[in-house]
$ cat work-v3.tsv   # TSV, C-alpha atoms
chain	number	residue	atom	x	y	z
A	1	ALA	CA	43.36	-35.61	46.28
A	2	VAL	CA	40.66	-36.83	43.90
A	3	GLY	CA	38.05	-36.32	46.63
A	4	VAL	CA	39.19	-32.76	47.30
A	5	GLY	CA	39.17	-32.03	43.61
A	6	SER	CA	35.61	-33.22	43.11
A	7	ALA	CA	34.41	-31.46	46.27
A	8	GLY	CA	36.16	-28.31	45.10
A	9	SER	CA	34.53	-28.46	41.71
A	10	LEU	CA	31.13	-28.99	43.36
A	11	VAL	CA	31.63	-25.80	45.36
A	12	VAL	CA	32.66	-23.93	42.21
A	13	ALA	CA	29.63	-25.28	40.39
A	14	ARG	CA	27.34	-24.02	43.14
A	15	VAL	CA	28.71	-20.44	43.20
A	16	ALA	CA	29.59	-20.14	39.52
A	17	PRO	CA	26.28	-18.72	38.24
A	18	ALA	CA	26.62	-15.68	40.49
A	19	VAL	CA	30.09	-14.69	39.27
A	20	ALA	CA	30.79	-16.35	35.94
A	21	VAL	CA	29.48	-13.69	33.59
A	22	ALA	CA	31.00	-13.91	30.11
A	23	GLN	CA	33.35	-10.91	29.97
A	24	THR	CA	33.51	-8.51	27.04
A	25	SER	CA	36.62	-6.33	26.82
A	26	ALA	CA	36.18	-2.61	26.19
A	27	SER	CA	37.86	0.66	27.03
A	28	LEU	CA	36.66	4.02	28.26
A	29	GLN	CA	38.76	7.07	27.38
A	30	MET	CA	38.51	9.76	30.03
A	31	GLY	CA	38.97	13.42	29.22
A	32	TRP	CA	41.27	14.24	32.10
A	33	ILE	CA	43.93	12.87	34.45
A	34	ALA	CA	42.98	10.33	37.11
A	35	ASN	CA	41.38	12.53	39.76
A	36	VAL	CA	37.94	12.85	41.36
A	37	GLU	CA	36.44	14.28	38.16
A	38	ASN	CA	35.97	10.58	37.32
A	39	ALA	CA	35.33	9.30	40.83
A	40	GLY	CA	32.24	7.41	39.66
A	41	GLU	CA	34.19	5.40	37.09
A	42	PHE	CA	36.89	4.55	39.64
A	43	VAL	CA	34.39	3.50	42.32
A	44	ALA	CA	32.53	1.35	39.77
A	45	ASP	CA	35.81	-0.32	38.80
A	46	ASP	CA	36.93	-0.82	42.40
A	47	LYS	CA	33.59	-2.31	43.49
A	48	GLY	CA	33.41	-4.64	40.49
A	49	TYR	CA	30.30	-3.05	38.94
A	50	TYR	CA	31.68	-3.37	35.39
A	51	THR	CA	32.69	-6.99	35.98
A	52	ALA	CA	29.23	-7.73	37.37
A	53	GLU	CA	27.78	-6.41	34.08
A	54	GLY	CA	30.10	-8.72	32.14
A	55	VAL	CA	32.48	-5.99	30.96
A	56	GLU	CA	36.23	-6.07	31.46
A	57	LEU	CA	36.66	-2.31	31.19
A	58	GLU	CA	39.97	-0.51	30.82
A	59	LEU	CA	39.76	3.06	32.17
A	60	ILE	CA	42.24	5.22	30.25
A	61	PRO	CA	43.11	8.58	31.84
A	62	GLY	CA	43.29	11.62	29.60
A	63	GLY	CA	45.10	14.92	30.01
A	64	PRO	CA	45.91	18.20	28.30
A	65	GLY	CA	47.30	16.50	25.17
A	66	VAL	CA	44.52	13.95	24.73
A	67	SER	CA	41.79	14.46	22.13
A	68	VAL	CA	38.96	12.05	22.90
A	69	GLU	CA	36.93	12.14	19.67
A	70	PRO	CA	39.57	10.64	17.31
A	71	LEU	CA	40.13	7.77	19.77
A	72	VAL	CA	36.41	6.91	19.70
A	73	VAL	CA	36.15	7.31	15.91
A	74	SER	CA	39.15	5.02	15.37
A	75	GLY	CA	37.71	2.37	17.69
A	76	ASN	CA	40.59	2.65	20.19
A	77	ALA	CA	37.94	3.41	22.81
A	78	LEU	CA	34.32	2.21	22.73
A	79	VAL	CA	33.28	5.15	24.93
A	80	GLY	CA	34.91	8.54	25.46
A	81	LEU	CA	34.14	11.36	27.87
A	82	SER	CA	33.93	14.80	26.32
A	83	GLN	CA	31.43	17.62	25.80
A	84	PRO	CA	28.96	18.52	23.05
A	85	ASP	CA	30.95	21.41	21.54
A	86	ASN	CA	33.95	19.12	20.90
A	87	VAL	CA	31.67	16.42	19.50
A	88	ALA	CA	29.84	18.91	17.26
A	89	ARG	CA	33.16	20.20	15.87
A	90	ALA	CA	34.33	16.63	15.23
A	91	ARG	CA	31.03	15.92	13.46
A	92	GLU	CA	31.57	18.98	11.25
A	93	GLN	CA	34.81	17.27	10.17
A	94	GLY	CA	32.99	14.05	9.32
A	95	ALA	CA	33.22	12.13	12.61
A	96	GLU	CA	30.02	10.14	13.13
A	97	LEU	CA	29.60	10.42	16.90
A	98	LYS	CA	26.76	10.81	19.39
A	99	VAL	CA	26.42	11.89	23.02
A	100	VAL	CA	24.43	9.19	24.87
A	101	ALA	CA	24.58	10.22	28.56
A	102	THR	CA	26.26	12.87	30.69
A	103	THR	CA	27.97	12.99	34.07
A	104	PHE	CA	27.76	16.74	34.66
A	105	GLN	CA	24.29	18.18	34.08
A	106	ARG	CA	25.67	21.67	34.58
A	107	ASN	CA	29.04	22.83	33.33
A	108	PRO	CA	31.53	23.86	36.05
A	109	ALA	CA	32.73	26.91	34.05
A	110	ALA	CA	32.49	29.85	36.47
A	111	VAL	CA	33.66	33.41	37.01
A	112	MET	CA	35.37	33.85	40.38
A	113	SER	CA	35.97	37.03	42.34
A	114	LEU	CA	37.23	37.73	45.85
A	115	ALA	CA	34.54	37.84	48.55
A	116	THR	CA	36.02	41.19	49.59
A	117	ASN	CA	35.40	42.58	46.07
A	118	PRO	CA	32.57	40.43	44.68
A	119	VAL	CA	31.38	40.32	41.06
A	120	PRO	CA	28.14	38.35	41.50
A	121	THR	CA	26.69	38.51	37.96
A	122	PRO	CA	27.92	38.86	34.37
A	123	GLN	CA	26.40	42.37	34.22
A	124	ASP	CA	28.67	43.39	37.11
A	125	LEU	CA	31.72	42.68	34.92
A	126	VAL	CA	31.09	45.70	32.70
A	127	GLY	CA	33.99	48.13	33.19
A	128	LYS	CA	35.99	45.52	35.12
A	129	ARG	CA	39.13	43.47	34.39
A	130	LEU	CA	38.54	39.78	33.71
A	131	GLY	CA	41.46	37.36	33.86
A	132	ILE	CA	40.87	34.91	31.01
A	133	GLN	CA	42.81	32.05	29.41
A	134	GLN	CA	43.30	32.28	25.64
A	135	ALA	CA	41.14	29.19	24.96
A	136	GLY	CA	38.23	30.73	26.86
A	137	VAL	CA	37.95	33.92	24.80
A	138	PRO	CA	35.54	32.65	22.09
A	139	ILE	CA	33.34	30.96	24.73
A	140	TYR	CA	33.11	34.06	26.91
A	141	ASN	CA	32.57	36.36	23.90
A	142	ALA	CA	29.57	34.18	22.96
A	143	PHE	CA	28.36	34.09	26.57
A	144	PHE	CA	28.41	37.88	27.00
A	145	THR	CA	26.94	38.55	23.55
A	146	GLY	CA	24.08	36.12	24.28
A	147	LEU	CA	23.25	38.16	27.41
A	148	GLY	CA	23.32	41.43	25.45
A	149	ILE	CA	26.63	42.50	27.02
A	150	ASP	CA	29.26	43.87	24.62
A	151	PRO	CA	32.47	41.87	25.31
A	152	ALA	CA	34.42	45.06	24.50
A	153	SER	CA	32.91	46.64	27.65
A	154	ILE	CA	34.95	44.16	29.73
A	155	THR	CA	38.77	44.36	29.84
A	156	TYR	CA	40.21	40.91	29.08
A	157	VAL	CA	43.54	40.30	30.82
A	158	PRO	CA	45.41	37.17	29.60
A	159	VAL	CA	46.13	34.72	32.45
A	160	GLN	CA	47.03	31.05	32.93
A	161	PHE	CA	45.08	28.78	35.28
A	162	ASP	CA	46.80	29.95	38.49
A	163	PRO	CA	44.49	32.44	40.25
A	164	ALA	CA	47.42	34.46	41.72
A	165	PRO	CA	46.58	37.55	39.54
A	166	LEU	CA	43.14	37.74	41.23
A	167	VAL	CA	44.68	37.54	44.70
A	168	ALA	CA	47.25	40.19	43.73
A	169	GLY	CA	44.49	42.54	42.56
A	170	GLU	CA	45.68	42.57	38.93
A	171	VAL	CA	42.17	41.52	37.81
A	172	ASP	CA	38.70	41.95	39.35
A	173	ALA	CA	37.43	38.51	38.29
A	174	PHE	CA	38.92	35.29	36.99
A	175	VAL	CA	37.69	32.69	34.51
A	176	SER	CA	37.76	29.40	36.44
A	177	PHE	CA	36.05	26.12	37.15
A	178	GLN	CA	33.77	25.87	40.17
A	179	THR	CA	35.55	22.62	41.00
A	180	ASN	CA	39.11	23.97	40.80
A	181	GLN	CA	40.43	27.48	41.53
A	182	PRO	CA	37.88	28.48	44.22
A	183	ILE	CA	38.96	25.36	46.13
A	184	GLN	CA	42.67	26.19	45.70
A	185	LEU	CA	42.02	29.59	47.25
A	186	ALA	CA	39.73	28.23	49.98
A	187	LEU	CA	42.57	25.93	51.08
A	188	GLN	CA	44.74	29.06	51.41
A	189	GLY	CA	42.04	30.70	53.53
A	190	ILE	CA	40.89	33.05	50.76
A	191	GLU	CA	37.12	33.35	50.32
A	192	THR	CA	35.67	33.82	46.86
A	193	THR	CA	32.32	34.45	45.15
A	194	THR	CA	31.47	32.65	41.90
A	195	PHE	CA	28.71	32.49	39.35
A	196	LEU	CA	28.23	29.61	36.92
A	197	LEU	CA	27.75	30.31	33.22
A	198	ALA	CA	25.06	27.60	33.45
A	199	ASP	CA	23.07	29.83	35.83
A	200	PHE	CA	22.74	32.26	32.93
A	201	GLY	CA	21.59	29.74	30.33
A	202	PHE	CA	25.03	29.05	28.83
A	203	ASN	CA	25.51	25.36	29.44
A	204	LEU	CA	27.33	22.42	27.91
A	205	PHE	CA	27.15	18.94	29.41
A	206	THR	CA	30.59	17.74	30.41
A	207	ASP	CA	32.14	14.34	30.96
A	208	ALA	CA	29.42	13.29	28.53
A	209	PHE	CA	29.52	9.75	27.14
A	210	VAL	CA	30.47	9.82	23.46
A	211	VAL	CA	30.20	6.79	21.15
A	212	ALA	CA	30.45	6.14	17.43
A	213	ASP	CA	27.21	5.93	15.44
A	214	GLU	CA	28.31	2.53	14.17
A	215	SER	CA	28.65	1.23	17.75
A	216	LEU	CA	25.04	2.24	18.41
A	217	ALA	CA	24.00	0.32	15.29
A	218	ASP	CA	25.91	-2.82	16.34
A	219	PRO	CA	23.74	-4.85	18.80
A	220	GLU	CA	26.71	-6.31	20.71
A	221	ARG	CA	28.59	-3.03	21.13
A	222	ARG	CA	25.37	-1.22	21.94
A	223	ALA	CA	24.63	-3.70	24.75
A	224	THR	CA	28.15	-3.13	26.12
A	225	ILE	CA	27.63	0.65	26.10
A	226	VAL	CA	24.40	0.22	28.10
A	227	LYS	CA	26.29	-1.90	30.65
A	228	ILE	CA	29.14	0.63	30.93
A	229	VAL	CA	26.76	3.55	31.50
A	230	ARG	CA	24.69	1.58	34.02
A	231	ALA	CA	27.73	0.45	36.03
A	232	THR	CA	29.27	3.95	35.92
A	233	MET	CA	26.10	5.54	37.30
A	234	ARG	CA	26.07	2.98	40.12
A	235	GLY	CA	29.63	4.09	40.85
A	236	TRP	CA	28.60	7.75	40.84
A	237	ARG	CA	25.70	6.98	43.18
A	238	ASP	CA	28.20	5.57	45.70
A	239	ALA	CA	30.69	8.42	45.17
A	240	ILE	CA	27.97	11.01	45.81
A	241	ASP	CA	26.74	9.15	48.89
A	242	ASP	CA	30.25	8.91	50.37
A	243	PRO	CA	32.54	11.51	48.78
A	244	GLU	CA	35.24	11.06	51.45
A	245	ALA	CA	35.63	7.35	50.67
A	246	ALA	CA	35.56	7.97	46.91
A	247	ALA	CA	38.18	10.72	47.15
A	248	ARG	CA	40.42	8.49	49.27
A	249	LEU	CA	40.11	5.68	46.70
A	250	VAL	CA	41.16	8.04	43.88
A	251	VAL	CA	44.07	9.53	45.85
A	252	GLU	CA	45.42	6.21	47.16
A	253	LYS	CA	44.76	3.93	44.19
A	254	TYR	CA	43.79	5.32	40.80
A	255	GLY	CA	45.60	8.66	40.98
A	256	GLN	CA	48.38	7.44	43.25
A	257	SER	CA	51.21	8.50	40.89
A	258	LEU	CA	49.86	12.08	40.76
A	259	ASN	CA	50.42	12.84	44.49
A	260	LEU	CA	46.89	14.27	44.79
A	261	ASP	CA	45.91	16.13	47.95
A	262	LEU	CA	43.15	14.28	49.81
A	263	GLU	CA	41.54	17.40	51.29
A	264	ALA	CA	41.50	19.19	47.92
A	265	GLN	CA	40.13	16.13	46.14
A	266	THR	CA	37.38	15.65	48.74
A	267	LEU	CA	36.36	19.31	48.47
A	268	THR	CA	36.42	19.07	44.67
A	269	LEU	CA	34.16	16.03	44.68
A	270	GLN	CA	31.75	17.75	47.07
A	271	GLU	CA	31.64	20.79	44.73
A	272	GLN	CA	30.89	18.49	41.78
A	273	ILE	CA	27.86	16.88	43.40
A	274	PRO	CA	25.31	19.71	42.76
A	275	LEU	CA	26.49	19.83	39.13
A	276	ILE	CA	25.97	16.05	38.70
A	277	GLU	CA	22.90	15.47	40.87
A	278	THR	CA	20.03	17.81	39.96
A	279	GLU	CA	16.22	17.86	39.87
A	280	GLU	CA	16.43	16.08	36.51
A	281	THR	CA	18.54	13.23	37.86
A	282	GLU	CA	16.32	12.93	40.94
A	283	ALA	CA	13.44	12.26	38.55
A	284	ALA	CA	15.10	10.26	35.79
A	285	GLY	CA	18.37	8.90	37.17
A	286	LEU	CA	22.02	9.96	37.14
A	287	GLY	CA	23.46	10.53	33.69
A	288	THR	CA	20.13	11.58	32.23
A	289	MET	CA	19.80	14.17	29.44
A	290	SER	CA	16.45	15.95	29.72
A	291	GLU	CA	14.85	17.57	26.69
A	292	GLU	CA	15.19	20.97	28.39
A	293	ARG	CA	18.93	20.57	29.03
A	294	ILE	CA	19.53	19.22	25.51
A	295	GLN	CA	17.85	22.31	24.05
A	296	GLU	CA	19.98	24.50	26.34
A	297	ASN	CA	23.10	22.78	24.97
A	298	ILE	CA	21.96	23.31	21.38
A	299	ALA	CA	21.26	27.02	22.09
A	300	THR	CA	24.72	27.40	23.68
A	301	LEU	CA	26.34	25.78	20.64
A	302	GLU	CA	24.44	28.18	18.37
A	303	GLN	CA	25.68	31.15	20.42
A	304	SER	CA	29.20	29.78	19.97
A	305	GLY	CA	28.73	29.62	16.20
A	306	ILE	CA	28.22	25.84	15.99
A	307	ALA	CA	25.15	24.68	14.09
A	308	ALA	CA	23.86	21.31	15.29
A	309	THR	CA	20.49	19.72	15.92
A	310	ALA	CA	19.52	17.64	18.93
A	311	GLU	CA	18.87	14.66	16.61
A	312	GLU	CA	22.38	14.83	15.12
A	313	LEU	CA	24.21	15.21	18.39
A	314	PHE	CA	22.26	13.38	21.08
A	315	ASP	CA	20.81	9.89	21.43
A	316	THR	CA	18.81	9.21	24.60
A	317	SER	CA	17.95	5.60	23.73
A	318	ILE	CA	20.93	4.19	25.69
A	319	LEU	CA	19.69	5.90	28.86
A	320	ALA	CA	16.22	4.54	28.19
A	321	GLU	CA	17.71	1.02	28.15
A	322	VAL	CA	19.88	1.67	31.22
A	323	TYR	CA	16.81	2.60	33.26
A	324	ALA	CA	14.27	0.33	31.56
A	325	GLU	CA	14.84	-2.60	33.91
A	326	ALA	CA	15.99	-0.71	36.97
A	327	THR	CA	14.80	1.94	39.35
A	328	PRO	CA	16.68	5.08	38.30
A	329	VAL	CA	19.95	5.60	40.18
A	330	ALA	CA	18.60	8.73	41.86
A	331	GLY	CA	18.95	10.14	45.35

$ encode --input "work-v3.tsv" --output "structure tokens"
Amino acid sequence: AVGVGSAGSLVVARVAPAVAVAQTSASLQMGWIANVENAGEFVADDKGYYTAEGVELELIPGGPGVSVEPLVVSGNALVGLSQPDNVARAREQGAELKVVATTFQRNPAAVMSLATNPVPTPQDLVGKRLGIQQAGVPIYNAFFTGLGIDPASITYVPVQFDPAPLVAGEVDAFVSFQTNQPIQLALQGIETTTFLLADFGFNLFTDAFVVADESLADPERRATIVKIVRATMRGWRDAIDDPEAAARLVVEKYGQSLNLDLEAQTLTLQEQIPLIETEETEAAGLGTMSEERIQENIATLEQSGIAATAEELFDTSILAEVYAEATPVAG
């Protein structure tokens, strides 16, 4: 037995350097339930990318009742996923937070119409009925005003998230997400036309990585944030390269309790890819925040009545560290 023990420990000693990374515990608070919106995080977890970086990361799903910013401010989560308008509002209330990377370069907010009665541009909405959720009204008012369209020239019809009123002809267009309602209808055999608000200059990063200013100032926590972002972007690289496998992983493992539909989740992930992988990420790596896109975000916030500067809201130094040693995780 002694012989086996010593031989065993010799084997362990030989392989140990490759796997025995000192583990730091941290948590990442997601903005939404466990579905393919966070496929990159789930793939990174499943493939051990966080562990390989020395981080024992807890992925905490969000949902309609979860507000990410307070959880990051309180230290309950080292990193949260949110978007700049929420962060800017939290900062106005004294929360010292920064956006350090982003998953979605382009926001999935979209206006959907039936292919049989298309509304291809915002200008085409004038004189039409737009199904809109209550929470979307200020955003769309700002969007139309920024384009020189009087919101009063469009008839707002209150709706929930179910696109049935569009199908029934009660509205001509429907406020949606590119990655949600058009897919629901496609699975029912109903073709739609959409335009993204981002195609008309109104853009907010989403599933952006939010951290506390004090974490950025703390060398140990800062190093952990770099590792989390780097591992997550490796996960997204894999999810983009094989969306079917990533969707299956989410449906069968991470979102198992939600009874997600594999076909819908696969289509959703495929629709997300052009919003996550863009010319900017091809050049600088997934997660990047280019100067041009940051300025677009600031302009969109201004249109929405939120005053913020790029320096207050964004910090690109984490991304610089993520990609300093590595080839960017591009396509």

$ residues_around --input "work-v3.tsv" --residues "A:Phe161" --least-positions-apart "2" --cutoff "8 Å" --atoms "all atoms listed in the file" --output "compact mmCIF listing (two decimals) with C-alpha atoms, in the frame of the given file"
# COMPACT_ATOMS: atom_id res chain seq x y z
CA GLN A 133 42.81 32.05 29.41
CA VAL A 159 46.13 34.72 32.45
CA PRO A 163 44.49 32.44 40.25
CA SER A 176 37.76 29.40 36.44
CA GLN A 181 40.43 27.48 41.53

$ closest_residue --input "work-v3.tsv" --among "A:Asp213, A:Glu271, A:Asp150, A:Glu191" --to "A:Lys98" --atoms "only C-alpha atoms"
A:Asp213

$ residues_near_point --input "work-v3.tsv" --point "(28.0, 23.5, 17.7)" --cutoff "10 Å" --atoms "only C-alpha atoms" --output "ChimeraX atom specification"
/A:84-92,297-309,313

$ atom_distance --input "work-v3.tsv" --atom1 "atom CA of A:Thr103" --atom2 "atom CA of A:Pro138"
24.2 Å

$ residues_around --input "work-v3.tsv" --residues "stretch 29-37 of chain A" --least-positions-apart "3" --cutoff "6 Å" --atoms "all atoms listed in the file" --output "PDB file with C-alpha atoms, in the frame of the given file"
ATOM      1  CA  ILE A  60      42.240   5.220  30.250  1.00  0.00           C
ATOM      2  CA  PRO A  61      43.110   8.580  31.840  1.00  0.00           C
ATOM      3  CA  GLY A  62      43.290  11.620  29.600  1.00  0.00           C
ATOM      4  CA  GLY A  63      45.100  14.920  30.010  1.00  0.00           C
ATOM      5  CA  ALA A  77      37.940   3.410  22.810  1.00  0.00           C
ATOM      6  CA  GLY A  80      34.910   8.540  25.460  1.00  0.00           C
ATOM      7  CA  LEU A  81      34.140  11.360  27.870  1.00  0.00           C
ATOM      8  CA  SER A  82      33.930  14.800  26.320  1.00  0.00           C
ATOM      9  CA  GLY A 255      45.600   8.660  40.980  1.00  0.00           C
ATOM     10  CA  LEU A 269      34.160  16.030  44.680  1.00  0.00           C
TER      11      LEU A 269
END

$ residues_around --input "work-v3.tsv" --residues "stretch 216-220 of chain A" --least-positions-apart "2" --cutoff "10 Å" --atoms "only C-alpha atoms" --output "PyMOL selection string"
chain A and resi 24+97-98+100+211-214+222-226+315+317-318

$ atom_distance --input "work-v3.tsv" --atom1 "atom CA of A:Val72" --atom2 "atom CA of A:Phe209"
10.5 Å

$ closest_residue --input "work-v3.tsv" --among "A:Asn180, A:Thr155, A:Ser290, A:Ser113" --to "A:Ala310" --atoms "all atoms listed in the file"
A:Ser290

$ closest_residue --input "work-v3.tsv" --among "A:Ile294, A:Ala26, A:Ala239, A:Ile273" --to "A:Asn76" --atoms "all atoms listed in the file"
A:Ala26

$ closest_residue --input "work-v3.tsv" --among "A:Thr288, A:Leu166, A:Gln295, A:Glu280" --to "A:Ala320" --atoms "all atoms listed in the file"
A:Thr288

$ atom_distance --input "work-v3.tsv" --atom1 "atom CA of A:Gln270" --atom2 "atom CA of A:Val229"
21.7 Å

$ build_atoms --input "work-v3.tsv" --residues "stretch 78-87 of chain A" --atoms "all heavy atoms" --output "PDB file, in the frame of the given file"
ATOM      1  N   LEU A  78      35.750   2.379  23.061  1.00  0.00           N
ATOM      2  CA  LEU A  78      34.320   2.210  22.730  1.00  0.00           C
ATOM      3  C   LEU A  78      33.551   3.454  23.181  1.00  0.00           C
ATOM      4  O   LEU A  78      32.643   3.913  22.505  1.00  0.00           O
ATOM      5  CB  LEU A  78      33.770   0.968  23.432  1.00  0.00           C
ATOM      6  CG  LEU A  78      32.272   0.696  23.229  1.00  0.00           C
ATOM      7  CD1 LEU A  78      31.952   0.434  21.757  1.00  0.00           C
ATOM      8  CD2 LEU A  78      31.816  -0.485  24.087  1.00  0.00           C
ATOM      9  N   VAL A  79      33.948   3.984  24.350  1.00  0.00           N
ATOM     10  CA  VAL A  79      33.280   5.150  24.930  1.00  0.00           C
ATOM     11  C   VAL A  79      34.340   6.190  25.271  1.00  0.00           C
ATOM     12  O   VAL A  79      35.426   5.837  25.749  1.00  0.00           O
ATOM     13  CB  VAL A  79      32.519   4.758  26.216  1.00  0.00           C
ATOM     14  CG1 VAL A  79      31.842   5.972  26.854  1.00  0.00           C
ATOM     15  CG2 VAL A  79      31.488   3.672  25.936  1.00  0.00           C
ATOM     16  N   GLY A  80      34.029   7.458  25.038  1.00  0.00           N
ATOM     17  CA  GLY A  80      34.910   8.540  25.460  1.00  0.00           C
ATOM     18  C   GLY A  80      34.120   9.537  26.270  1.00  0.00           C
ATOM     19  O   GLY A  80      32.888   9.600  26.161  1.00  0.00           O
ATOM     20  N   LEU A  81      34.803  10.315  27.103  1.00  0.00           N
ATOM     21  CA  LEU A  81      34.140  11.360  27.870  1.00  0.00           C
ATOM     22  C   LEU A  81      34.575  12.715  27.332  1.00  0.00           C
ATOM     23  O   LEU A  81      35.769  13.013  27.281  1.00  0.00           O
ATOM     24  CB  LEU A  81      34.499  11.244  29.365  1.00  0.00           C
ATOM     25  CG  LEU A  81      34.043   9.955  30.054  1.00  0.00           C
ATOM     26  CD1 LEU A  81      34.495   9.946  31.507  1.00  0.00           C
ATOM     27  CD2 LEU A  81      32.530   9.777  29.977  1.00  0.00           C
ATOM     28  N   SER A  82      33.607  13.518  26.920  1.00  0.00           N
ATOM     29  CA  SER A  82      33.930  14.800  26.320  1.00  0.00           C
ATOM     30  C   SER A  82      32.766  15.756  26.558  1.00  0.00           C
ATOM     31  O   SER A  82      32.011  15.580  27.511  1.00  0.00           O
ATOM     32  CB  SER A  82      34.206  14.620  24.818  1.00  0.00           C
ATOM     33  OG  SER A  82      34.672  15.825  24.244  1.00  0.00           O
ATOM     34  N   GLN A  83      32.619  16.762  25.685  1.00  0.00           N
ATOM     35  CA  GLN A  83      31.430  17.620  25.800  1.00  0.00           C
ATOM     36  C   GLN A  83      30.913  17.978  24.425  1.00  0.00           C
ATOM     37  O   GLN A  83      31.631  17.869  23.425  1.00  0.00           O
ATOM     38  CB  GLN A  83      31.674  18.813  26.713  1.00  0.00           C
ATOM     39  CG  GLN A  83      32.801  19.741  26.379  1.00  0.00           C
ATOM     40  CD  GLN A  83      32.916  20.855  27.417  1.00  0.00           C
ATOM     41  OE1 GLN A  83      32.867  20.608  28.627  1.00  0.00           O
ATOM     42  NE2 GLN A  83      33.076  22.096  26.956  1.00  0.00           N
ATOM     43  N   PRO A  84      29.627  18.391  24.346  1.00  0.00           N
ATOM     44  CA  PRO A  84      28.960  18.520  23.050  1.00  0.00           C
ATOM     45  C   PRO A  84      29.642  19.448  22.043  1.00  0.00           C
ATOM     46  O   PRO A  84      29.573  19.203  20.844  1.00  0.00           O
ATOM     47  CB  PRO A  84      27.567  19.040  23.417  1.00  0.00           C
ATOM     48  CG  PRO A  84      27.340  18.519  24.789  1.00  0.00           C
ATOM     49  CD  PRO A  84      28.667  18.573  25.470  1.00  0.00           C
ATOM     50  N   ASP A  85      30.310  20.509  22.510  1.00  0.00           N
ATOM     51  CA  ASP A  85      30.950  21.410  21.540  1.00  0.00           C
ATOM     52  C   ASP A  85      32.087  20.685  20.805  1.00  0.00           C
ATOM     53  O   ASP A  85      32.235  20.817  19.585  1.00  0.00           O
ATOM     54  CB  ASP A  85      31.439  22.708  22.195  1.00  0.00           C
ATOM     55  CG  ASP A  85      32.310  22.476  23.416  1.00  0.00           C
ATOM     56  OD1 ASP A  85      32.210  21.402  24.048  1.00  0.00           O
ATOM     57  OD2 ASP A  85      33.086  23.392  23.773  1.00  0.00           O
ATOM     58  N   ASN A  86      32.866  19.887  21.540  1.00  0.00           N
ATOM     59  CA  ASN A  86      33.950  19.120  20.900  1.00  0.00           C
ATOM     60  C   ASN A  86      33.383  18.089  19.929  1.00  0.00           C
ATOM     61  O   ASN A  86      33.925  17.879  18.841  1.00  0.00           O
ATOM     62  CB  ASN A  86      34.797  18.393  21.957  1.00  0.00           C
ATOM     63  CG  ASN A  86      35.492  19.358  22.898  1.00  0.00           C
ATOM     64  OD1 ASN A  86      35.746  20.503  22.540  1.00  0.00           O
ATOM     65  ND2 ASN A  86      35.789  18.906  24.097  1.00  0.00           N
ATOM     66  N   VAL A  87      32.294  17.438  20.344  1.00  0.00           N
ATOM     67  CA  VAL A  87      31.670  16.420  19.500  1.00  0.00           C
ATOM     68  C   VAL A  87      31.092  17.060  18.238  1.00  0.00           C
ATOM     69  O   VAL A  87      31.258  16.548  17.124  1.00  0.00           O
ATOM     70  CB  VAL A  87      30.568  15.655  20.280  1.00  0.00           C
ATOM     71  CG1 VAL A  87      29.893  14.620  19.392  1.00  0.00           C
ATOM     72  CG2 VAL A  87      31.170  14.969  21.512  1.00  0.00           C
TER      73      VAL A  87
END
